[in-house]
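What follows is model.tsv (TSV, C-alpha atoms and all ligand atoms).
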chain	number	residue	atom	x	y	z
A	290	MET	CA	81.90	89.64	143.74
A	291	LEU	CA	85.03	91.59	142.97
A	292	SER	CA	87.87	89.82	141.18
A	293	ILE	CA	91.36	91.18	141.70
A	294	ALA	CA	94.49	90.42	139.66
A	295	LYS	CA	97.91	91.50	140.86
A	296	ILE	CA	99.74	92.83	137.82
A	297	THR	CA	102.85	93.72	139.78
A	298	ASP	CA	103.71	95.08	143.24
A	299	GLY	CA	101.22	97.80	144.04
A	300	VAL	CA	99.25	97.54	140.78
A	301	PHE	CA	95.97	95.60	140.79
A	302	PHE	CA	93.33	95.10	138.09
A	303	LEU	CA	89.72	95.01	139.34
A	304	LYS	CA	86.62	93.50	137.78
A	305	GLN	CA	83.09	93.22	139.20
A	306	ASN	CA	81.66	89.93	137.99
A	307	LYS	CA	77.94	90.20	138.54
A	308	SER	CA	75.99	93.37	138.02
A	309	ILE	CA	72.42	94.63	138.15
A	310	HIS	CA	72.60	95.77	134.49
A	311	PRO	CA	75.02	95.49	131.54
A	312	LEU	CA	75.64	99.24	131.85
A	313	SER	CA	76.41	99.15	135.54
A	314	THR	CA	80.16	98.58	135.91
A	315	SER	CA	83.60	99.18	134.50
A	316	ASN	CA	86.90	97.37	135.15
A	317	GLY	CA	89.95	99.34	136.17
A	318	PHE	CA	93.02	99.68	138.35
A	319	LEU	CA	93.92	100.10	142.01
A	320	ILE	CA	97.42	101.52	142.45
A	321	THR	CA	98.85	101.60	145.93
A	322	PRO	CA	101.08	104.20	147.52
A	323	SER	CA	104.13	101.95	147.27
A	324	GLN	CA	104.04	103.42	143.77
A	325	ILE	CA	103.01	106.89	144.89
A	326	PRO	CA	105.06	109.02	147.27
A	327	SER	CA	102.86	110.73	149.86
A	328	ASN	CA	104.33	114.12	148.99
A	329	SER	CA	103.14	113.95	145.36
A	330	ILE	CA	99.70	115.36	146.02
A	331	THR	CA	99.25	117.28	149.21
A	332	LYS	CA	96.30	115.92	151.16
A	333	GLU	CA	96.29	112.36	149.98
A	334	ALA	CA	98.56	109.48	150.71
A	335	GLY	CA	95.77	107.18	149.61
A	336	SER	CA	95.64	104.77	146.71
A	337	VAL	CA	94.55	105.76	143.21
A	338	LEU	CA	91.77	104.12	141.20
A	339	ILE	CA	91.56	104.33	137.42
A	340	ASP	CA	88.34	103.82	135.39
A	341	VAL	CA	86.68	101.80	138.16
A	342	ASN	CA	82.87	101.95	138.43
A	343	LEU	CA	81.32	99.47	140.86
A	344	GLU	CA	78.08	98.85	142.67
A	345	GLU	CA	78.10	99.38	146.42
A	346	ASP	CA	79.33	95.90	147.34
A	347	GLY	CA	82.21	96.33	144.88
A	348	TRP	CA	83.42	99.50	146.62
A	349	LEU	CA	83.06	97.73	149.98
A	350	ALA	CA	85.10	94.81	148.62
A	351	ILE	CA	87.91	97.26	147.72
A	352	LYS	CA	87.77	98.62	151.27
A	353	LYS	CA	87.99	95.13	152.75
A	354	PHE	CA	90.84	94.14	150.40
A	355	CYS	CA	92.85	97.27	151.26
A	356	GLU	CA	92.34	96.69	154.99
A	357	GLU	CA	93.34	93.02	154.76
A	358	GLN	CA	96.40	93.78	152.63
A	359	ARG	CA	97.27	96.87	154.70
A	360	ILE	CA	96.99	99.07	151.65
A	361	PRO	CA	95.84	102.68	152.21
A	362	LEU	CA	92.26	103.21	151.07
A	363	PRO	CA	91.76	104.88	147.69
A	364	SER	CA	91.40	108.65	147.83
A	365	ARG	CA	91.48	109.50	144.10
A	366	LEU	CA	89.65	108.11	141.09
A	367	ILE	CA	90.77	108.99	137.56
A	368	MET	CA	87.82	108.55	135.18
A	369	THR	CA	88.40	107.71	131.50
A	370	HIS	CA	85.10	109.28	130.37
A	371	CYS	CA	81.60	109.76	131.75
A	372	HIS	CA	79.30	107.32	129.93
A	373	LEU	CA	76.85	105.85	132.42
A	374	ASP	CA	78.67	102.53	132.72
A	375	HIS	CA	81.70	104.50	133.99
A	376	SER	CA	79.96	107.19	136.04
A	377	SER	CA	76.79	105.73	137.58
A	378	HIS	CA	78.23	104.68	140.97
A	379	VAL	CA	81.15	107.09	141.26
A	380	HIS	CA	79.14	109.11	143.80
A	381	LEU	CA	79.39	106.08	146.11
A	382	PHE	CA	83.19	106.18	145.85
A	383	VAL	CA	83.11	109.84	146.93
A	384	LYS	CA	80.76	109.03	149.81
A	385	LEU	CA	82.50	105.88	151.08
A	386	PHE	CA	86.10	107.07	150.78
A	387	ASP	CA	85.63	110.85	150.96
A	388	GLY	CA	87.45	110.66	147.63
A	389	VAL	CA	88.24	113.12	144.86
A	390	VAL	CA	87.29	112.38	141.26
A	391	TYR	CA	89.42	113.39	138.25
A	392	ALA	CA	87.22	113.68	135.16
A	393	PRO	CA	88.14	114.61	131.56
A	394	GLU	CA	87.21	118.25	131.06
A	395	PRO	CA	84.95	117.80	127.97
A	396	GLU	CA	82.63	115.43	129.88
A	397	VAL	CA	82.73	116.59	133.49
A	398	LYS	CA	79.21	118.09	133.36
A	399	VAL	CA	77.77	114.57	133.21
A	400	ILE	CA	78.73	114.00	136.86
A	401	LEU	CA	78.10	117.58	138.04
A	402	GLU	CA	74.64	118.28	136.57
A	403	HIS	CA	71.57	116.10	136.12
A	404	ASP	CA	71.06	117.27	132.52
A	405	GLY	CA	74.79	117.37	131.73
A	406	PHE	CA	74.54	114.06	129.85
A	407	PHE	CA	72.38	115.58	127.08
A	408	HIS	CA	74.61	118.59	126.55
A	409	VAL	CA	77.94	116.75	126.67
A	410	TYR	CA	76.78	114.10	124.21
A	411	GLN	CA	74.81	116.60	122.07
A	412	ILE	CA	71.48	114.84	122.38
A	413	THR	CA	69.29	117.59	123.81
A	414	GLU	CA	66.52	116.55	121.36
A	415	MET	CA	65.97	113.55	123.62
A	416	MET	CA	64.50	115.92	126.21
A	417	GLU	CA	61.56	116.73	123.87
A	418	PHE	CA	60.15	113.19	123.96
A	419	PRO	CA	58.40	112.28	127.25
A	420	THR	CA	58.41	108.49	126.68
A	421	LEU	CA	62.09	108.55	125.84
A	422	MET	CA	62.86	110.70	128.88
A	423	ASP	CA	60.90	108.35	131.12
A	424	SER	CA	62.91	105.42	129.76
A	425	TYR	CA	66.25	107.24	130.17
A	426	ARG	CA	65.45	108.40	133.72
A	427	HIS	CA	64.21	104.94	134.70
A	428	LEU	CA	67.51	103.43	133.53
A	429	LYS	CA	69.73	106.15	134.94
A	430	TYR	CA	68.14	106.70	138.35
A	431	GLU	CA	65.98	103.69	139.21
A	432	ILE	CA	68.16	100.92	137.80
A	433	LEU	CA	71.70	102.29	137.76
A	434	LYS	CA	71.08	104.59	140.80
A	435	PHE	CA	73.14	107.40	139.33
A	436	ASN	CA	73.72	110.54	141.35
A	437	ILE	CA	75.64	113.73	140.73
A	438	ILE	CA	78.77	114.70	142.68
A	439	SER	CA	79.41	118.02	144.39
A	440	GLU	CA	81.86	120.32	142.64
A	441	GLU	CA	84.43	120.45	145.46
A	442	LYS	CA	84.97	116.69	145.04
A	443	VAL	CA	85.71	116.94	141.33
A	444	THR	CA	88.87	118.02	139.51
A	445	THR	CA	89.16	118.10	135.73
A	446	PHE	CA	92.02	117.12	133.46
A	447	LYS	CA	92.62	117.57	129.76
A	448	PRO	CA	92.77	114.37	127.66
A	449	GLY	CA	96.49	113.79	127.17
A	450	GLU	CA	97.44	114.99	130.65
A	451	VAL	CA	100.09	113.03	132.56
A	452	PHE	CA	99.95	112.24	136.28
A	453	ASP	CA	103.55	111.83	137.25
A	454	PHE	CA	104.59	110.05	140.42
A	455	LYS	CA	107.95	108.94	141.68
A	456	THR	CA	107.77	105.35	140.48
A	457	ILE	CA	104.82	105.38	138.10
A	458	ARG	CA	103.69	107.63	135.29
A	459	ILE	CA	99.97	107.63	134.49
A	460	GLN	CA	99.65	108.98	130.97
A	461	THR	CA	96.18	109.69	129.59
A	462	ILE	CA	95.85	109.24	125.83
A	463	PRO	CA	92.99	110.87	123.88
A	464	LEU	CA	90.83	108.29	122.06
A	465	THR	CA	87.96	110.68	121.50
A	466	ALA	CA	85.95	109.03	118.73
A	467	HIS	CA	84.22	106.95	121.42
A	468	SER	CA	83.21	110.01	123.46
A	469	PRO	CA	84.44	113.64	123.46
A	470	GLY	CA	86.80	113.23	126.44
A	471	HIS	CA	87.49	109.50	126.30
A	472	VAL	CA	91.06	108.55	127.19
A	473	GLY	CA	93.12	105.38	127.23
A	474	VAL	CA	95.65	105.15	130.05
A	475	LYS	CA	99.27	104.08	129.77
A	476	LEU	CA	100.92	103.07	133.03
A	477	ILE	CA	104.68	103.29	132.95
A	478	LEU	CA	106.33	101.53	135.87
A	479	GLN	CA	109.73	103.14	136.25
A	480	LYS	CA	111.37	100.49	138.44
A	481	GLU	CA	110.54	97.53	136.22
A	482	ALA	CA	110.70	99.43	132.95
A	483	SER	CA	107.37	97.81	132.06
A	484	LYS	CA	104.27	99.35	130.55
A	485	ILE	CA	100.57	98.60	130.74
A	486	PHE	CA	97.99	99.99	128.34
A	487	HIS	CA	94.34	100.29	129.36
A	488	ASN	CA	92.36	101.17	126.24
A	489	SER	CA	89.27	101.84	128.36
A	490	CYS	CA	85.90	101.66	126.54
A	491	LEU	CA	87.29	101.48	122.99
A	492	GLY	CA	85.59	98.12	122.36
A	493	LEU	CA	88.01	95.40	123.40
A	494	ASP	CA	85.29	93.53	125.25
A	495	HIS	CA	85.89	89.79	124.77
A	496	LEU	CA	83.72	87.94	127.24
A	497	LYS	CA	86.07	85.12	128.18
A	498	VAL	CA	88.94	82.82	127.26
A	499	ASN	CA	87.60	79.34	126.44
A	500	LYS	CA	89.28	76.18	127.69
A	501	ASP	CA	90.85	75.60	124.25
A	502	GLY	CA	92.44	79.06	124.38
A	503	THR	CA	90.04	80.69	121.91
A	504	ILE	CA	88.34	83.91	123.00
A	505	LYS	CA	84.65	84.73	122.97
A	506	ASP	CA	83.36	87.85	121.21
A	507	GLY	CA	81.55	90.59	123.08
A	508	PHE	CA	79.48	93.46	121.67
A	509	GLY	CA	82.49	95.28	120.19
A	510	PRO	CA	83.05	99.04	119.79
A	511	TRP	CA	80.28	101.41	120.81
A	512	TYR	CA	79.77	104.25	118.32
A	513	GLY	CA	76.13	105.05	119.14
A	514	PHE	CA	76.50	108.73	119.98
A	515	LYS	CA	75.74	111.60	117.68
A	516	HIS	CA	79.26	113.00	117.48
A	517	THR	CA	80.91	109.70	116.50
A	518	ASN	CA	82.52	109.26	113.12
A	519	ILE	CA	83.45	105.65	112.36
A	520	ALA	CA	86.50	106.58	110.22
A	521	ASP	CA	87.88	108.48	113.26
A	522	TYR	CA	87.02	105.51	115.45
A	523	ILE	CA	89.10	103.20	113.24
A	524	GLU	CA	91.95	105.72	113.49
A	525	ASP	CA	91.75	105.48	117.30
A	526	ILE	CA	91.85	101.68	117.09
A	527	ASN	CA	94.98	101.91	114.90
A	528	LYS	CA	96.50	104.39	117.37
A	529	SER	CA	95.80	102.00	120.25
A	530	GLU	CA	97.51	99.18	118.36
A	531	VAL	CA	100.71	101.22	118.04
A	532	ILE	CA	100.63	102.03	121.77
A	533	PHE	CA	100.09	98.38	122.74
A	534	LYS	CA	103.16	97.34	120.70
A	535	ASP	CA	105.23	99.22	123.27
A	536	CYS	CA	103.49	97.57	126.28
A	537	GLN	CA	103.49	94.17	127.98
A	538	ILE	CA	99.88	94.15	129.15
A	539	LEU	CA	96.64	95.34	127.55
A	540	THR	CA	93.47	95.81	129.56
A	541	SER	CA	90.09	97.40	128.91
A	542	SER	CA	86.96	98.50	130.75
A	543	HIS	CA	84.84	95.51	129.76
A	544	GLY	CA	87.09	92.71	128.58
A	545	ILE	CA	89.80	90.21	129.33
A	546	ILE	CA	93.49	90.89	130.03
A	547	PHE	CA	96.04	90.36	127.24
A	548	THR	CA	99.67	89.84	128.16
A	549	ASN	CA	102.99	88.93	126.64
A	550	LYS	CA	104.73	89.40	129.99
A	551	LYS	CA	106.99	86.57	131.15
A	552	ASN	CA	105.99	86.79	134.82
A	553	PRO	CA	102.51	85.45	135.44
A	554	ILE	CA	99.66	87.70	136.50
A	555	GLU	CA	98.42	86.48	139.86
A	556	ILE	CA	94.67	86.27	140.49
A	557	VAL	CA	94.46	87.35	144.12
A	558	GLN	CA	90.72	87.11	144.56
A	559	GLY	CA	87.62	85.92	142.73
A	560	GLU	CA	86.92	84.12	139.51
A	561	ARG	CA	85.96	84.93	135.94
A	562	LEU	CA	89.00	87.12	135.45
A	563	PHE	CA	90.28	85.94	132.12
A	564	ILE	CA	93.86	86.32	131.02
A	565	LYS	CA	94.99	85.63	127.46
A	566	LYS	CA	98.69	85.02	127.16
A	567	LEU	CA	100.00	86.17	123.81
A	568	THR	CA	102.72	83.89	122.57
A	569	PRO	CA	104.63	84.47	119.34
A	570	ARG	CA	103.74	80.96	118.11
A	571	GLU	CA	99.99	81.18	118.52
A	572	LYS	CA	98.42	83.21	115.73
A	573	ILE	CA	95.32	84.85	117.11
A	574	GLU	CA	93.32	87.81	115.92
A	575	SER	CA	94.98	90.87	117.41
A	576	PRO	CA	92.97	93.17	119.72
A	577	SER	CA	92.76	95.86	117.05
A	578	GLU	CA	91.77	93.33	114.37
A	579	TYR	CA	88.95	92.20	116.68
A	580	MET	CA	87.59	95.73	117.11
A	581	LYS	CA	87.78	96.50	113.39
A	582	ARG	CA	86.17	93.16	112.50
A	583	LYS	CA	83.24	93.91	114.83
A	584	ILE	CA	82.66	97.26	113.10
A	585	HIS	CA	83.03	95.69	109.66
A	586	GLU	CA	80.59	92.87	110.44
A	587	LYS	CA	77.91	95.40	111.39
A	588	GLU	CA	78.56	97.34	108.21
A	589	GLN	CA	77.97	94.16	106.19
A	590	CYS	CA	74.90	93.34	108.23
A	591	ILE	CA	73.42	96.80	107.54
A	592	LYS	CA	74.22	96.53	103.82
A	593	ASN	CA	72.38	93.18	103.73
A	594	SER	CA	69.43	94.73	105.55
A	595	LEU	CA	69.29	97.56	103.00
A	596	ASP	CA	69.06	94.90	100.28
A	597	LYS	CA	66.18	93.26	102.14
A	598	ILE	CA	64.17	96.48	102.24
A	599	GLY	CA	64.97	97.18	98.59
A	600	ILE	CA	67.37	100.09	99.09
A	601	ASN	CA	70.32	100.36	96.73
A	602	LYS	CA	73.55	101.22	98.53
A	603	ASN	CA	73.79	104.35	96.36
A	604	ASN	CA	70.57	105.53	97.95
A	605	VAL	CA	71.63	105.38	101.59
A	606	GLN	CA	70.76	109.05	102.04
A	607	ALA	CA	67.10	108.13	101.55
A	608	VAL	CA	67.21	105.99	104.70
A	609	LEU	CA	68.84	108.78	106.67
A	610	ASN	CA	66.00	111.09	105.57
A	611	SER	CA	63.15	108.66	106.21
A	612	THR	CA	61.63	107.81	109.59
A	613	GLU	CA	59.72	104.93	107.97
A	614	LEU	CA	62.83	103.28	106.47
A	615	MET	CA	64.78	103.77	109.70
A	616	GLY	CA	61.86	102.13	111.53
A	617	LYS	CA	62.20	99.10	109.23
A	618	LEU	CA	65.90	98.77	110.07
A	619	LEU	CA	65.15	99.12	113.79
A	620	ASP	CA	62.61	96.30	113.53
A	621	MET	CA	65.39	94.00	112.26
A	622	ASP	CA	67.18	93.95	115.66
A	623	LEU	CA	70.56	94.68	114.08
A	624	TYR	CA	72.24	95.48	117.41
A	625	PHE	CA	69.87	94.55	120.25
A	626	SER	CA	67.43	91.71	120.55
A	627	LYS	CA	64.53	93.89	121.64
A	628	LYS	CA	62.32	91.05	122.80
A	629	ARG	CA	64.72	90.60	125.71
A	630	ILE	CA	64.72	94.25	126.78
A	631	PRO	CA	62.26	95.23	129.53
A	632	PRO	CA	59.51	97.43	128.00
A	633	ARG	CA	60.34	100.56	129.99
A	634	GLN	CA	63.99	100.47	128.85
A	635	LEU	CA	63.07	99.86	125.22
A	636	PRO	CA	62.72	103.50	124.04
A	637	ALA	CA	66.24	104.28	125.34
A	638	TYR	CA	67.72	101.23	123.60
A	639	LYS	CA	65.95	102.13	120.34
A	640	PHE	CA	67.38	105.64	120.60
A	641	TRP	CA	70.96	104.30	120.92
A	642	GLU	CA	70.41	101.72	118.18
A	643	ARG	CA	69.13	104.44	115.87
A	644	TYR	CA	72.42	106.32	116.26
A	645	LEU	CA	74.49	103.16	115.82
A	646	ILE	CA	72.69	102.61	112.50
A	647	ILE	CA	72.93	106.28	111.46
A	648	ASN	CA	76.68	106.32	112.09
A	649	GLN	CA	77.15	103.13	110.07
A	650	LEU	CA	75.03	104.54	107.21
A	651	LYS	CA	77.06	107.76	107.24
A	652	HIS	CA	80.23	105.68	107.11
A	653	ILE	CA	78.92	103.70	104.11
A	654	LEU	CA	77.92	106.97	102.45
A	655	ALA	CA	81.32	108.61	103.10
A	656	LYS	CA	83.10	105.68	101.47
A	657	LEU	CA	80.95	106.05	98.33
A	658	ILE	CA	82.00	109.67	97.83
B	701	ZN	ZN	82.20	101.40	128.87
B	702	ZN	ZN	81.99	104.39	126.86

Would it be possible to restate this file's structure as structure tokens?
Amino acid sequence: MLSIAKITDGVFFLKQNKSIHPLSTSNGFLITPSQIPSNSITKEAGSVLIDVNLEEDGWLAIKKFCEEQRIPLPSRLIMTHCHLDHSSHVHLFVKLFDGVVYAPEPEVKVILEHDGFFHVYQITEMMEFPTLMDSYRHLKYEILKFNIISEEKVTTFKPGEVFDFKTIRIQTIPLTAHSPGHVGVKLILQKEASKIFHNSCLGLDHLKVNKDGTIKDGFGPWYGFKHTNIADYIEDINKSEVIFKDCQILTSSHGIIFTNKKNPIEIVQGERLFIKKLTPREKIESPSEYMKRKIHEKEQCIKNSLDKIGINKNNVQAVLNSTELMGKLLDMDLYFSKKRIPPRQLPAYKFWERYLIINQLKHILAKLI
């Protein structure tokens, strides 16, 4: 089921509620041509999607919604990065809408080549381990049903590039600690002088707003790739906080909507689309405080685990050098409860968890120097 919230005329936020796998979908925007003059890009007068990744019924729900609302079908999709939860079903968008995909240049190979994922995310060593490769392929192709896209349907952009239309400016903002081409997106609506910030996959992933107005934690920031440096990640979170201060609405790929806008956001379709109204009187943890807390909690958790296995925090390098000690930390289920993960997916999850731990250990080590 696809939930749709109308942010303002011609700007809709989309969220797929149920999915076949936690890595299967990403929330994003549908922007209609009332915001986009047909002469802005030659061929297309169609709508624009941003950061949307949906299973087949989700794309079909967009089609139905556009037809019912007499909105031109989407013809362009701007991707924020190419992690599997943002790229797995994009080939279906191309097929169903004959659409064109705009992908950040540093990551485009993920959607053009079957082995692009390993090169872009610098994890070619994964290819040397048959069990790990079986697990990765099972997840990517059999569960998520990923497919590559032909080159003529893909255009690249540089993180930071601006897509300028008559009544809306779509500004991409590099937040590249999460992945090498990862961008947030600032939508500047000229007519209303209002601004929306989508911080994409940065880690603002609250699961819901409870009845008492409190919000429920999600997983938090994902820093489980080799290139990630947690100090840089925290810088990106601080950068996103500054950008949000200038905006009325904050959205993300996997979380709820935050708003301090006076006009209500209208839920047009579906349920489980949570909106948290930010009022000056209610003191809640800010979005950036949430993301930094989630990182900090894991750091504490890893420090406690080092104590349990008898490693002094001044000897963190020993864990980084030892397969046996790393194995002990992996057995502690610091990030994933491995009992719940289907056996064939387990090697892939262990691989990601290993890098989450390594990046936290490197962060602890860097702070000691
Ligand atoms: Zn994501
Ligand atoms: Zn991501």

Closest pair table for chain A residues within 9 Å of ligand ZN 702 (chain B), all atoms listed in the file, as JSON lines:
{"residue": "A:Thr369", "atom": "CA", "partner": "B:ZN702", "partner_atom": "ZN", "distance": 8.6}
{"residue": "A:His370", "atom": "CA", "partner": "B:ZN702", "partner_atom": "ZN", "distance": 6.8}
{"residue": "A:Cys371", "atom": "CA", "partner": "B:ZN702", "partner_atom": "ZN", "distance": 7.3}
{"residue": "A:His372", "atom": "CA", "partner": "B:ZN702", "partner_atom": "ZN", "distance": 5.0}
{"residue": "A:Leu373", "atom": "CA", "partner": "B:ZN702", "partner_atom": "ZN", "distance": 7.7}
{"residue": "A:Asp374", "atom": "CA", "partner": "B:ZN702", "partner_atom": "ZN", "distance": 7.0}
{"residue": "A:His375", "atom": "CA", "partner": "B:ZN702", "partner_atom": "ZN", "distance": 7.1}
{"residue": "A:His467", "atom": "CA", "partner": "B:ZN702", "partner_atom": "ZN", "distance": 6.4}
{"residue": "A:Ser468", "atom": "CA", "partner": "B:ZN702", "partner_atom": "ZN", "distance": 6.7}
{"residue": "A:His471", "atom": "CA", "partner": "B:ZN702", "partner_atom": "ZN", "distance": 7.5}
{"residue": "A:Ser489", "atom": "CA", "partner": "B:ZN702", "partner_atom": "ZN", "distance": 7.9}
{"residue": "A:Cys490", "atom": "CA", "partner": "B:ZN702", "partner_atom": "ZN", "distance": 4.8}
{"residue": "A:Leu491", "atom": "CA", "partner": "B:ZN702", "partner_atom": "ZN", "distance": 7.2}
{"residue": "A:Gly492", "atom": "CA", "partner": "B:ZN702", "partner_atom": "ZN", "distance": 8.5}
{"residue": "A:Pro510", "atom": "CA", "partner": "B:ZN702", "partner_atom": "ZN", "distance": 8.9}
{"residue": "A:Trp511", "atom": "CA", "partner": "B:ZN702", "partner_atom": "ZN", "distance": 7.0}
{"residue": "A:Tyr512", "atom": "CA", "partner": "B:ZN702", "partner_atom": "ZN", "distance": 8.8}
{"residue": "A:Ser542", "atom": "CA", "partner": "B:ZN702", "partner_atom": "ZN", "distance": 8.6}

Just write the chosen residues, C-alpha atoms, as a short mmCIF file (atom, residue, chain, number, x, y, z; two decimals), in the frame of the given file.
data_model
loop_
_atom_site.label_atom_id
_atom_site.label_comp_id
_atom_site.auth_asym_id
_atom_site.auth_seq_id
_atom_site.Cartn_x
_atom_site.Cartn_y
_atom_site.Cartn_z
CA THR A 369 88.40 107.71 131.50
CA HIS A 370 85.10 109.28 130.37
CA CYS A 371 81.60 109.76 131.75
CA HIS A 372 79.30 107.32 129.93
CA LEU A 373 76.85 105.85 132.42
CA ASP A 374 78.67 102.53 132.72
CA HIS A 375 81.70 104.50 133.99
CA HIS A 467 84.22 106.95 121.42
CA SER A 468 83.21 110.01 123.46
CA HIS A 471 87.49 109.50 126.30
CA SER A 489 89.27 101.84 128.36
CA CYS A 490 85.90 101.66 126.54
CA LEU A 491 87.29 101.48 122.99
CA GLY A 492 85.59 98.12 122.36
CA PRO A 510 83.05 99.04 119.79
CA TRP A 511 80.28 101.41 120.81
CA TYR A 512 79.77 104.25 118.32
CA SER A 542 86.96 98.50 130.75
#

- Query: For the atom pair atom CA of Ala294 of chain A and atom CA of Lys497 of chain A, what is the interatomic distance in Å to one decimal place?
  - Reply: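 A separation of 15.2 Å between them.
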
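Distances here use all atoms listed in the file; by that measure, the residue among A:Asp404, A:Asp387, A:Glu414, A:Asp298 closest to Gln358 of chain A is A:Asp298.
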
- Task: For atom CA of Glu345 of chain A and atom CA of Ile367 of chain A, determine how far apart the two atoms are, in Å to one decimal place.
- Result: 18.2 Å

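Proximity to ligand ZN 701 (chain B) was assessed for A:Leu319, A:Val341, A:Leu623, A:Ile653 counting all atoms listed in the file; the smallest distance is recorded for A:Val341.
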
- Item | Contacts of Gly317 of chain A within 6 Å, only C-alpha atoms, excl. fewer than 5 positions in-chain, as a ChimeraX atom specification | /A:302-303,339-341

Would you put the residues from that selection into a file with C-alpha atoms, as a short mmCIF file (atom, residue, chain, number, x, y, z; two decimals), in the coordinates of the input?
data_model
loop_
_atom_site.label_atom_id
_atom_site.label_comp_id
_atom_site.auth_asym_id
_atom_site.auth_seq_id
_atom_site.Cartn_x
_atom_site.Cartn_y
_atom_site.Cartn_z
CA PHE A 302 93.33 95.10 138.09
CA LEU A 303 89.72 95.01 139.34
CA ILE A 339 91.56 104.33 137.42
CA ASP A 340 88.34 103.82 135.39
CA VAL A 341 86.68 101.80 138.16
#

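Residues lying within 8 Å of Pro395 of chain A, counting all atoms listed in the file and ignoring same-chain neighbours fewer than 2 positions away, are Pro393, Val397, Lys398, Val409, Lys447, Pro469 and Gly470 of chain A.
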
- Could you work out how far atom CA of His310 of chain A lies from atom CA of Gln649 of chain A, giving the answer in Å with one decimal?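 Rounded to one decimal, the two atoms are 25.9 Å apart.
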
- Could you give me, as a list in words, the residues that have an atom at most 7 Å away from the point (88.3, 85.7, 119.1) in the coordinates of the file, using only C-alpha atoms? Thr503, Ile504, Lys505, Asp506, Glu574 and Tyr579 of chain A

- Would you please work out which residue, of A:Pro419, A:Gly544, A:Gly405, A:Pro361, is nearest to ligand ZN 701 (chain B) when using only C-alpha atoms and all ligand atoms? A:Gly544

Need the shell around segment 441-446 of chain A: protein/DNA/RNA residues with any atom at most 10 Å away, counting all atoms listed in the file. Skip same-chain ones fewer than 4 positions apart. Format as an mmCIF file with C-alpha atoms, in the coordinates of the input?
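Dumped everything to result17.cif:
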data_model
loop_
_atom_site.group_PDB
_atom_site.id
_atom_site.type_symbol
_atom_site.label_atom_id
_atom_site.label_comp_id
_atom_site.auth_asym_id
_atom_site.auth_seq_id
_atom_site.Cartn_x
_atom_site.Cartn_y
_atom_site.Cartn_z
ATOM 1 C CA ARG A 365 91.480 109.500 144.100
ATOM 2 C CA LEU A 366 89.650 108.110 141.090
ATOM 3 C CA ILE A 367 90.770 108.990 137.560
ATOM 4 C CA MET A 368 87.820 108.550 135.180
ATOM 5 C CA HIS A 380 79.140 109.110 143.800
ATOM 6 C CA VAL A 383 83.110 109.840 146.930
ATOM 7 C CA LYS A 384 80.760 109.030 149.810
ATOM 8 C CA ASP A 387 85.630 110.850 150.960
ATOM 9 C CA GLY A 388 87.450 110.660 147.630
ATOM 10 C CA VAL A 389 88.240 113.120 144.860
ATOM 11 C CA VAL A 390 87.290 112.380 141.260
ATOM 12 C CA TYR A 391 89.420 113.390 138.250
ATOM 13 C CA ALA A 392 87.220 113.680 135.160
ATOM 14 C CA PRO A 393 88.140 114.610 131.560
ATOM 15 C CA GLU A 394 87.210 118.250 131.060
ATOM 16 C CA PRO A 395 84.950 117.800 127.970
ATOM 17 C CA GLU A 396 82.630 115.430 129.880
ATOM 18 C CA VAL A 397 82.730 116.590 133.490
ATOM 19 C CA ILE A 400 78.730 114.000 136.860
ATOM 20 C CA LEU A 401 78.100 117.580 138.040
ATOM 21 C CA GLU A 450 97.440 114.990 130.650
ATOM 22 C CA VAL A 451 100.090 113.030 132.560
ATOM 23 C CA PHE A 452 99.950 112.240 136.280
ATOM 24 C CA THR A 461 96.180 109.690 129.590
ATOM 25 C CA GLY A 470 86.800 113.230 126.440
#
